[in-house]
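J.: The file below is input.cif, mmCIF, C-alpha atoms:
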```cif
data_entry
loop_
_atom_site.label_atom_id
_atom_site.label_comp_id
_atom_site.auth_asym_id
_atom_site.auth_seq_id
_atom_site.Cartn_x
_atom_site.Cartn_y
_atom_site.Cartn_z
CA MET V 1 8.97 8.44 -23.55
CA THR V 2 8.06 10.38 -20.42
CA ASN V 3 10.86 12.70 -19.33
CA LEU V 4 12.00 12.31 -15.72
CA ALA V 5 12.37 16.08 -15.54
CA ASP V 6 8.64 16.37 -16.12
CA VAL V 7 7.70 14.45 -12.98
CA GLY V 8 10.56 15.07 -10.57
CA PRO V 9 13.48 12.87 -9.48
CA LEU V 10 12.71 9.20 -8.94
CA THR V 11 14.50 6.65 -6.74
CA ASN V 12 17.29 8.97 -5.60
CA GLY V 13 19.00 8.94 -8.97
CA ARG V 14 18.96 5.18 -9.43
CA PRO V 15 18.34 4.03 -13.02
CA PHE V 16 14.65 3.77 -13.80
CA GLU V 17 13.11 2.33 -16.94
CA PHE V 18 9.64 3.45 -17.93
CA ARG V 19 7.56 0.78 -19.63
CA LEU V 20 4.74 1.82 -21.95
CA PHE V 21 1.78 -0.05 -23.38
CA SER V 22 1.27 0.10 -27.14
CA ARG V 23 -2.30 1.32 -26.61
CA GLU V 24 -4.24 3.38 -24.11
CA ARG V 25 -4.82 1.68 -20.76
CA PRO V 26 -5.44 3.10 -17.29
CA ALA V 27 -2.44 3.74 -15.08
CA VAL V 28 -2.46 1.67 -11.87
CA LEU V 29 -1.54 2.74 -8.34
CA VAL V 30 -1.47 0.09 -5.60
CA ALA V 31 -1.98 1.63 -2.16
CA SER V 32 -1.92 -0.05 1.24
CA HIS V 33 -0.94 0.21 4.87
CA GLU V 34 2.57 -1.11 5.35
CA ARG V 35 2.88 -4.93 5.44
CA SER V 36 -0.48 -5.59 3.77
CA GLY V 37 0.74 -7.71 0.88
CA THR V 38 1.46 -4.76 -1.39
CA HIS V 39 3.90 -6.50 -3.72
CA PHE V 40 1.75 -9.62 -3.79
CA LEU V 41 -1.04 -7.53 -5.32
CA MET V 42 1.34 -5.64 -7.60
CA ASN V 43 2.89 -8.84 -8.94
CA SER V 44 -0.53 -10.47 -9.30
CA VAL V 45 -1.84 -7.54 -11.35
CA GLY V 46 1.32 -7.70 -13.40
CA GLN V 47 0.85 -11.38 -14.18
CA ALA V 48 -2.90 -11.23 -14.79
CA TYR V 49 -3.14 -7.90 -16.63
CA GLY V 50 0.29 -7.28 -18.12
CA TYR V 51 1.32 -4.31 -15.98
CA CYS V 52 4.94 -3.90 -14.88
CA PRO V 53 5.43 -4.53 -11.13
CA ALA V 54 9.20 -4.00 -11.26
CA PRO V 55 10.58 -1.46 -11.59
CA TRP V 56 7.67 0.19 -9.86
CA ILE V 57 7.08 3.89 -9.27
CA ASP V 58 7.50 4.39 -5.52
CA LEU V 59 5.54 7.37 -4.20
CA ASP V 60 7.73 7.80 -1.16
CA PHE V 61 9.53 10.77 0.34
CA THR V 62 12.75 8.81 0.11
CA HIS V 63 12.26 7.98 -3.56
CA PHE V 64 9.89 10.48 -5.14
CA GLN V 65 11.15 13.91 -4.20
CA MET V 66 8.19 16.26 -3.87
CA ASN V 67 6.08 17.91 -1.20
CA PHE V 68 3.42 15.32 -0.42
CA TYR V 69 1.58 17.80 1.78
CA ASP V 70 0.69 19.77 -1.36
CA PRO V 71 -1.96 17.63 -3.11
CA THR V 72 -1.60 19.61 -6.33
CA MET V 73 1.99 18.40 -6.62
CA ILE V 74 0.82 14.78 -6.29
CA ALA V 75 -1.84 15.33 -8.96
CA THR V 76 0.55 17.08 -11.34
CA ALA V 77 3.20 14.37 -11.03
CA LEU V 78 0.68 11.56 -11.56
CA GLU V 79 -0.94 13.36 -14.49
CA ARG V 80 2.45 13.71 -16.16
CA LEU V 81 3.35 10.11 -15.48
CA ALA V 82 0.09 8.96 -17.10
CA ALA V 83 0.28 11.33 -20.06
CA ARG V 84 1.27 8.25 -22.06
CA PRO V 85 0.04 4.67 -21.41
CA ILE V 86 2.47 3.84 -18.61
CA ALA V 87 2.72 0.18 -17.66
CA ASN V 88 4.81 0.57 -14.47
CA ILE V 89 2.68 0.16 -11.35
CA ALA V 90 2.88 2.99 -8.82
CA LYS V 91 3.05 2.11 -5.12
CA SER V 92 2.06 4.14 -2.07
CA HIS V 93 1.53 3.67 1.67
CA HIS V 94 0.13 7.18 2.10
CA ALA V 95 -3.18 7.84 3.80
CA ALA V 96 -6.18 8.55 1.59
CA ALA V 97 -6.16 12.18 2.77
CA PHE V 98 -3.13 12.86 0.58
CA PHE V 99 -5.15 11.99 -2.54
CA GLN V 100 -8.70 12.99 -1.62
CA PRO V 101 -8.42 16.69 -2.64
CA VAL V 102 -7.29 15.85 -6.19
CA MET V 103 -9.32 12.76 -7.05
CA ALA V 104 -11.13 14.57 -9.85
CA ARG V 105 -7.78 15.19 -11.54
CA LEU V 106 -6.66 11.57 -11.11
CA ALA V 107 -9.93 9.96 -12.20
CA PRO V 108 -9.48 10.24 -16.00
CA ARG V 109 -6.22 8.24 -16.10
CA TRP V 110 -5.59 6.43 -12.81
CA ARG V 111 -7.10 3.38 -11.11
CA ILE V 112 -6.19 2.81 -7.47
CA LEU V 113 -6.22 -0.65 -5.89
CA TYR V 114 -6.16 -0.58 -2.09
CA ASN V 115 -4.98 -3.79 -0.45
CA HIS V 116 -5.97 -4.43 3.19
CA ARG V 117 -5.08 -7.26 5.55
CA ASP V 118 -6.13 -8.66 8.92
CA PRO V 119 -4.70 -6.24 11.53
CA VAL V 120 -3.21 -9.03 13.66
CA GLU V 121 -1.18 -10.33 10.71
CA THR V 122 -0.34 -6.78 9.62
CA MET V 123 0.85 -5.61 13.03
CA ILE V 124 3.00 -8.70 13.69
CA SER V 125 4.60 -8.42 10.26
CA TYR V 126 5.16 -4.67 10.65
CA TRP V 127 6.66 -5.06 14.14
CA ARG V 128 9.09 -7.70 12.90
CA TYR V 129 9.91 -5.71 9.77
CA LEU V 130 10.85 -2.56 11.65
CA HIS V 131 13.48 -4.53 13.59
CA GLN V 132 15.05 -5.69 10.31
CA VAL V 133 15.47 -2.36 8.48
CA PRO V 134 18.07 0.33 9.28
CA GLY V 135 17.11 3.55 10.98
CA LEU V 136 14.10 4.51 13.05
CA GLY V 137 11.21 3.21 10.96
CA GLY V 138 8.79 3.33 13.89
CA PRO V 139 8.51 2.48 17.60
CA PHE V 140 10.88 -0.26 18.77
CA THR V 141 9.42 -2.56 21.41
CA LYS V 142 10.21 -6.08 22.58
CA ASP V 143 6.51 -7.07 22.57
CA VAL V 144 4.11 -6.60 19.65
CA LEU V 145 1.34 -5.68 22.14
CA ASP V 146 3.45 -2.75 23.28
CA PHE V 147 4.12 -1.85 19.64
CA VAL V 148 0.46 -1.48 18.68
CA ARG V 149 -0.17 0.72 21.76
CA GLU V 150 2.71 3.09 20.98
CA ALA V 151 2.14 6.39 19.17
CA PRO V 152 3.38 6.38 15.56
CA ALA V 153 6.99 7.57 15.32
CA GLY V 154 9.98 7.73 13.03
CA GLY V 155 9.78 6.94 9.35
CA MET V 156 6.13 5.87 9.42
CA LEU V 157 5.13 9.49 10.03
CA ARG V 158 5.79 10.37 6.40
CA TYR V 159 2.69 8.46 5.33
CA GLN V 160 0.23 10.27 7.59
CA ILE V 161 -1.20 13.79 7.67
CA ARG V 162 -2.10 13.86 11.39
CA GLN V 163 -0.98 12.00 14.47
CA TRP V 164 -2.91 9.06 15.96
CA PRO V 165 -2.97 7.77 19.57
CA SER V 166 -1.41 4.44 18.62
CA VAL V 167 -0.03 2.41 15.75
CA LEU V 168 -3.22 0.33 15.79
CA HIS V 169 -5.44 3.42 15.57
CA ARG V 170 -3.25 4.57 12.66
CA TRP V 171 -4.00 1.27 10.87
CA ALA V 172 -7.74 1.70 11.43
CA ALA V 173 -7.69 5.31 10.26
CA HIS V 174 -5.72 4.32 7.15
CA LEU V 175 -8.28 1.66 6.25
CA ARG V 176 -11.30 3.83 7.04
CA GLY V 177 -9.90 6.65 4.91
CA TRP V 178 -9.45 4.45 1.88
CA MET V 179 -12.82 2.79 2.41
CA GLN V 180 -14.43 6.22 2.33
CA LEU V 181 -12.49 7.21 -0.78
CA ALA V 182 -13.62 3.99 -2.48
CA ALA V 183 -17.23 4.81 -1.55
CA ASP V 184 -16.88 8.35 -2.90
CA TRP V 185 -14.95 7.36 -6.05
CA PRO V 186 -15.96 3.76 -6.87
CA GLN V 187 -14.92 4.19 -10.50
CA VAL V 188 -11.35 4.95 -9.38
CA VAL V 189 -10.65 3.16 -6.06
CA THR V 190 -11.16 -0.59 -5.61
CA LEU V 191 -10.65 -2.39 -2.30
CA VAL V 192 -8.81 -5.74 -2.39
CA ARG V 193 -8.54 -8.15 0.55
CA TYR V 194 -5.20 -9.81 1.09
CA ASP V 195 -6.79 -13.05 2.30
CA ALA V 196 -9.10 -13.20 -0.72
CA LEU V 197 -6.16 -12.68 -3.07
CA ARG V 198 -4.22 -15.36 -1.21
CA ASP V 199 -7.03 -17.93 -1.07
CA ARG V 200 -9.07 -17.11 -4.20
CA TRP V 201 -6.44 -15.69 -6.48
CA ALA V 202 -8.11 -16.12 -9.88
CA GLU V 203 -11.51 -14.98 -8.62
CA SER V 204 -10.02 -11.90 -6.96
CA LEU V 205 -8.09 -10.90 -10.07
CA ALA V 206 -11.12 -11.46 -12.31
CA GLY V 207 -13.00 -9.03 -10.08
CA LEU V 208 -10.70 -6.24 -11.28
CA ALA V 209 -11.62 -6.65 -14.96
CA GLU V 210 -14.12 -3.79 -15.06
CA THR V 211 -11.76 -1.49 -13.18
CA LEU V 212 -8.83 -2.25 -15.47
CA GLY V 213 -10.86 -2.34 -18.66
CA GLU V 214 -10.25 -5.89 -19.86
CA PRO V 215 -10.38 -9.51 -18.67
CA PRO V 216 -7.35 -11.06 -16.96
CA ARG V 217 -5.08 -13.52 -18.65
CA ALA V 218 -5.38 -17.16 -17.63
CA GLN V 219 -2.36 -17.63 -15.39
CA ALA V 220 -1.25 -19.85 -12.53
CA SER V 221 -1.85 -18.53 -9.04
CA LEU V 222 0.91 -16.60 -7.32
CA GLY V 223 1.80 -17.18 -3.70
CA PRO V 224 2.15 -14.24 -1.31
CA ARG V 225 5.97 -14.32 -1.28
CA GLN V 226 7.06 -12.57 -4.44
CA ALA V 227 10.02 -10.75 -5.91
CA GLY V 228 10.24 -7.21 -4.64
CA THR V 229 8.96 -7.99 -1.16
CA ARG V 230 10.99 -7.57 1.99
CA GLY V 231 10.34 -10.16 4.65
CA GLY V 232 8.80 -9.34 7.98
CA GLY V 233 11.68 -10.97 9.84
CA LYS V 234 11.67 -13.69 12.49
CA ASP V 235 11.16 -13.61 16.23
CA ASP V 236 14.65 -13.14 17.59
CA ALA V 237 15.17 -13.79 21.28
CA ALA V 238 18.74 -12.55 20.94
CA ALA V 239 17.36 -9.14 20.02
CA GLY V 240 15.24 -9.13 23.17
CA ARG V 241 11.92 -9.59 21.39
CA LEU V 242 9.17 -11.81 22.76
CA PRO V 243 7.32 -14.27 20.51
CA PRO V 244 4.08 -12.54 19.46
CA ASP V 245 0.93 -13.61 21.30
CA GLY V 246 -1.54 -13.60 18.40
CA ALA V 247 -4.55 -14.44 20.57
CA ALA V 248 -3.86 -11.60 22.99
CA LEU V 249 -3.24 -9.22 20.11
CA ARG V 250 -6.53 -10.16 18.46
CA GLN V 251 -8.40 -9.62 21.71
CA TYR V 252 -6.80 -6.20 22.06
CA CYS V 253 -7.65 -5.27 18.45
CA GLN V 254 -11.26 -6.31 18.93
CA THR V 255 -11.54 -4.26 22.12
CA ALA V 256 -9.73 -1.18 20.77
CA LEU V 257 -11.39 -1.06 17.34
CA GLY V 258 -14.95 -1.97 18.28
CA LYS V 259 -17.25 -2.67 15.34
CA LEU V 260 -14.67 -2.21 12.60
CA LEU V 261 -13.25 -5.74 12.67
CA PRO V 262 -16.60 -7.61 12.70
CA ALA V 263 -17.79 -5.38 9.86
CA LEU V 264 -14.77 -6.46 7.82
CA GLY V 265 -14.93 -10.11 8.84
CA TYR V 266 -11.58 -10.00 10.66
#
```
Could you quickly redo this structure as structure tokens?
T.:
Amino acid sequence: MTNLADVGPLTNGRPFEFRLFSRERPAVLVASHERSGTHFLMNSVGQAYGYCPAPWIDLDFTHFQMNFYDPTMIATALERLAARPIANIAKSHHAAAFFQPVMARLAPRWRILYNHRDPVETMISYWRYLHQVPGLGGPFTKDVLDFVREAPAGGMLRYQIRQWPSVLHRWAAHLRGWMQLAADWPQVVTLVRYDALRDRWAESLAGLAETLGEPPRAQASLGPRQAGTRGGGKDDAAAGRLPPDGAALRQYCQTALGKLLPALGY
């Protein structure tokens, strides 16, 4: 069994149970921008391929205590975690830049699945979510349009290496970074669309067979709301928030992000 002392403290001292496969299999890291259906993909991979989506390994400053601005520490921790055939899925919202310098060290054992979602859905969910969690997770605004124009702030800063002009530009940079990493390391990083997983679940999971080294099990489709997720919250007039104007937000995204959205089909 992997020793916790070998990889650093996990989950602030909370009990953590490592699950191991009985044979060699690649370790899996699911990465995404916040509110992109991360646990939906984790649970789907668990059901279709037998990985363990809970307890998951959370690569977060608040859970995994190491210096994320030193890529060698990330590589060393992940190498030690995958020294045996670990079944627990790792989860990260970090930008691709945290991993890019050490991809050669991760490639032998790790496979990274990057889940991305329509920015309008992502931003509305993220805006609602930040009003539901304690502390300063990011900019607080009464209107989602103001939210996407604000500079990143608070807890969300831990997932980025540099600052961006707005929360929306941060989303675009996050996606572009992982798209580039997938192009540079196609044998390691696979892009997954949230809407494809939602609407074509079996087909999307079957598309991961080569990456994960075996065909998926025949299982019933999972819906997006799964154990381990935290809801995006509701529009709450009592909290002073305005109902989100999805059409106006989409128009703003299209104007601000230019060719990126048409290229992705969003």
J.: Any idea what's packed within 10 Å of Ser22 (chain V), counting only C-alpha atoms, ignoring anything in its chain fewer than 6 positions away? Could you give it as a PDB file with C-alpha atoms, keeping the file's coordinate frame?
T.:
```
ATOM      1  CA  ARG V  84       1.270   8.250 -22.060  1.00  0.00           C
ATOM      2  CA  PRO V  85       0.040   4.670 -21.410  1.00  0.00           C
ATOM      3  CA  ILE V  86       2.470   3.840 -18.610  1.00  0.00           C
ATOM      4  CA  ALA V  87       2.720   0.180 -17.660  1.00  0.00           C
TER       5      ALA V  87
END
```
J.: Can you list, as a VMD selection string, the residues that the PyMOL selection byres ((chain V and resi 139-154) around 10) selects here?
T.: chain V and resid 120 123 to 128 130 to 131 135 to 138 155 to 158 160 163 to 171 235 to 237 239 to 246 248 to 250 252 to 253 256
J.: Could you list the residues chosen by the PyMOL selection byres ((chain V and resi 206) around 12) in this structure as a list in words?
T.: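 For this structure, the PyMOL selection byres ((chain V and resi 206) around 12) resolves to Ser44, Val45, Ala48, Tyr49, Val192, Ala196, Leu197, Arg200, Trp201, Ala202, Glu203, Ser204, Leu205, Gly207, Leu208, Ala209, Glu210, Thr211, Leu212, Gly213, Glu214, Pro215, Pro216, Arg217, Ala218 and Gln219 of chain V.
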J.: On this structure, the PyMOL selection byres ((chain V and resi 37) around 9) would catch which residues? List them as a ChimeraX atom specification, sorted by chain and number.
T.: /V:32,34-36,38-42,115-117,122,194,224-225,229
J.: Would you mind listing what lies within 8 Å of region 54-56 of chain V as a ChimeraX atom specification, with only C-alpha atoms counted and same-chain residues fewer than 6 positions away left out?
T.: /V:16-17,88-91,228
J.: List the spatial neighbours of Leu260 (chain V) as a ChimeraX atom specification - criterion: any atom at most 10 Å away, only C-alpha atoms, same-chain residues fewer than 6 positions off excluded.
T.: /V:172,175-176,253-254,266
J.: With all atoms listed in the file as the atoms that count, which of V:Trp185, V:Tyr51, V:Phe21, V:Phe61 lies nearest to Tyr159 (chain V)?
T.: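 Under the stated criterion, the closest residue is V:Phe61.
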J.: Mind giving me the straight-line distance from CA of Asp58 (chain V) to CA of Leu264 (chain V) in Å, one decimal?
T.: 28.1 Å
J.: Calculate how many Å separate CA of Ala107 (chain V) from CA of Arg23 (chain V), rounding to one decimal.
T.: 18.5 Å
J.: Excluding same-chain residues fewer than 2 positions from Gln100 (chain V), what lies within 10 Å of it counting only C-alpha atoms, as a ChimeraX atom specification?
T.: /V:71,95-98,102-104,106,177-178,180-181,184-185
J.: How would the residues just picked look written out with C-alpha atoms as a PDB file, in the frame of the given file?
T.:
```pdb
ATOM      1  CA  PRO V  71      -1.960  17.630  -3.110  1.00  0.00           C
ATOM      2  CA  ALA V  95      -3.180   7.840   3.800  1.00  0.00           C
ATOM      3  CA  ALA V  96      -6.180   8.550   1.590  1.00  0.00           C
ATOM      4  CA  ALA V  97      -6.160  12.180   2.770  1.00  0.00           C
ATOM      5  CA  PHE V  98      -3.130  12.860   0.580  1.00  0.00           C
ATOM      6  CA  VAL V 102      -7.290  15.850  -6.190  1.00  0.00           C
ATOM      7  CA  MET V 103      -9.320  12.760  -7.050  1.00  0.00           C
ATOM      8  CA  ALA V 104     -11.130  14.570  -9.850  1.00  0.00           C
ATOM      9  CA  LEU V 106      -6.660  11.570 -11.110  1.00  0.00           C
ATOM     10  CA  GLY V 177      -9.900   6.650   4.910  1.00  0.00           C
ATOM     11  CA  TRP V 178      -9.450   4.450   1.880  1.00  0.00           C
ATOM     12  CA  GLN V 180     -14.430   6.220   2.330  1.00  0.00           C
ATOM     13  CA  LEU V 181     -12.490   7.210  -0.780  1.00  0.00           C
ATOM     14  CA  ASP V 184     -16.880   8.350  -2.900  1.00  0.00           C
ATOM     15  CA  TRP V 185     -14.950   7.360  -6.050  1.00  0.00           C
TER      16      TRP V 185
END
```
J.: What is the CA of Arg105 (chain V) to CA of Gln187 (chain V) distance in Å?
T.: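 Straight-line distance from CA of Arg105 (chain V) to CA of Gln187 (chain V) works out to 13.2 Å.
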J.: With all atoms listed in the file as the atoms that count, which of V:Cys52, V:Met179, V:Ala247, V:Leu191 lies nearest to Glu121 (chain V)?
T.: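 Closest to Glu121 (chain V) of all the choices is V:Ala247.
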J.: As AutoDock Vina command-line options, what would the box around region 65-73 of chain V look like: edges along x, y and z, 5 Å added on every side, centre and edge lengths in Å to one decimal?
T.:
```
--center_x 4.6 --center_y 16.8 --center_z -2.4 --size_x 23.1 --size_y 15.9 --size_z 18.4
```
J.: Pick out the closest residue to Arg162 (chain V) from this set: V:Arg25, V:Gly265, V:Tyr69, V:Leu113. Count all atoms listed in the file.
T.: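 The answer is V:Tyr69, which sits nearest to Arg162 (chain V).
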J.: Which residue is closest to Met73 (chain V)? Choose from V:Gly223, V:Gly50, V:Pro101, V:Pro108 and count only C-alpha atoms.
T.: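 Closest to Met73 (chain V) of all the choices is V:Pro101.
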J.: Smallest atom-to-atom distance to Asp118 (chain V): which of V:Ile161, V:Ala31, V:Asp195, V:Gln65, using only C-alpha atoms?
T.: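 The closest residue to Asp118 (chain V) is V:Asp195.
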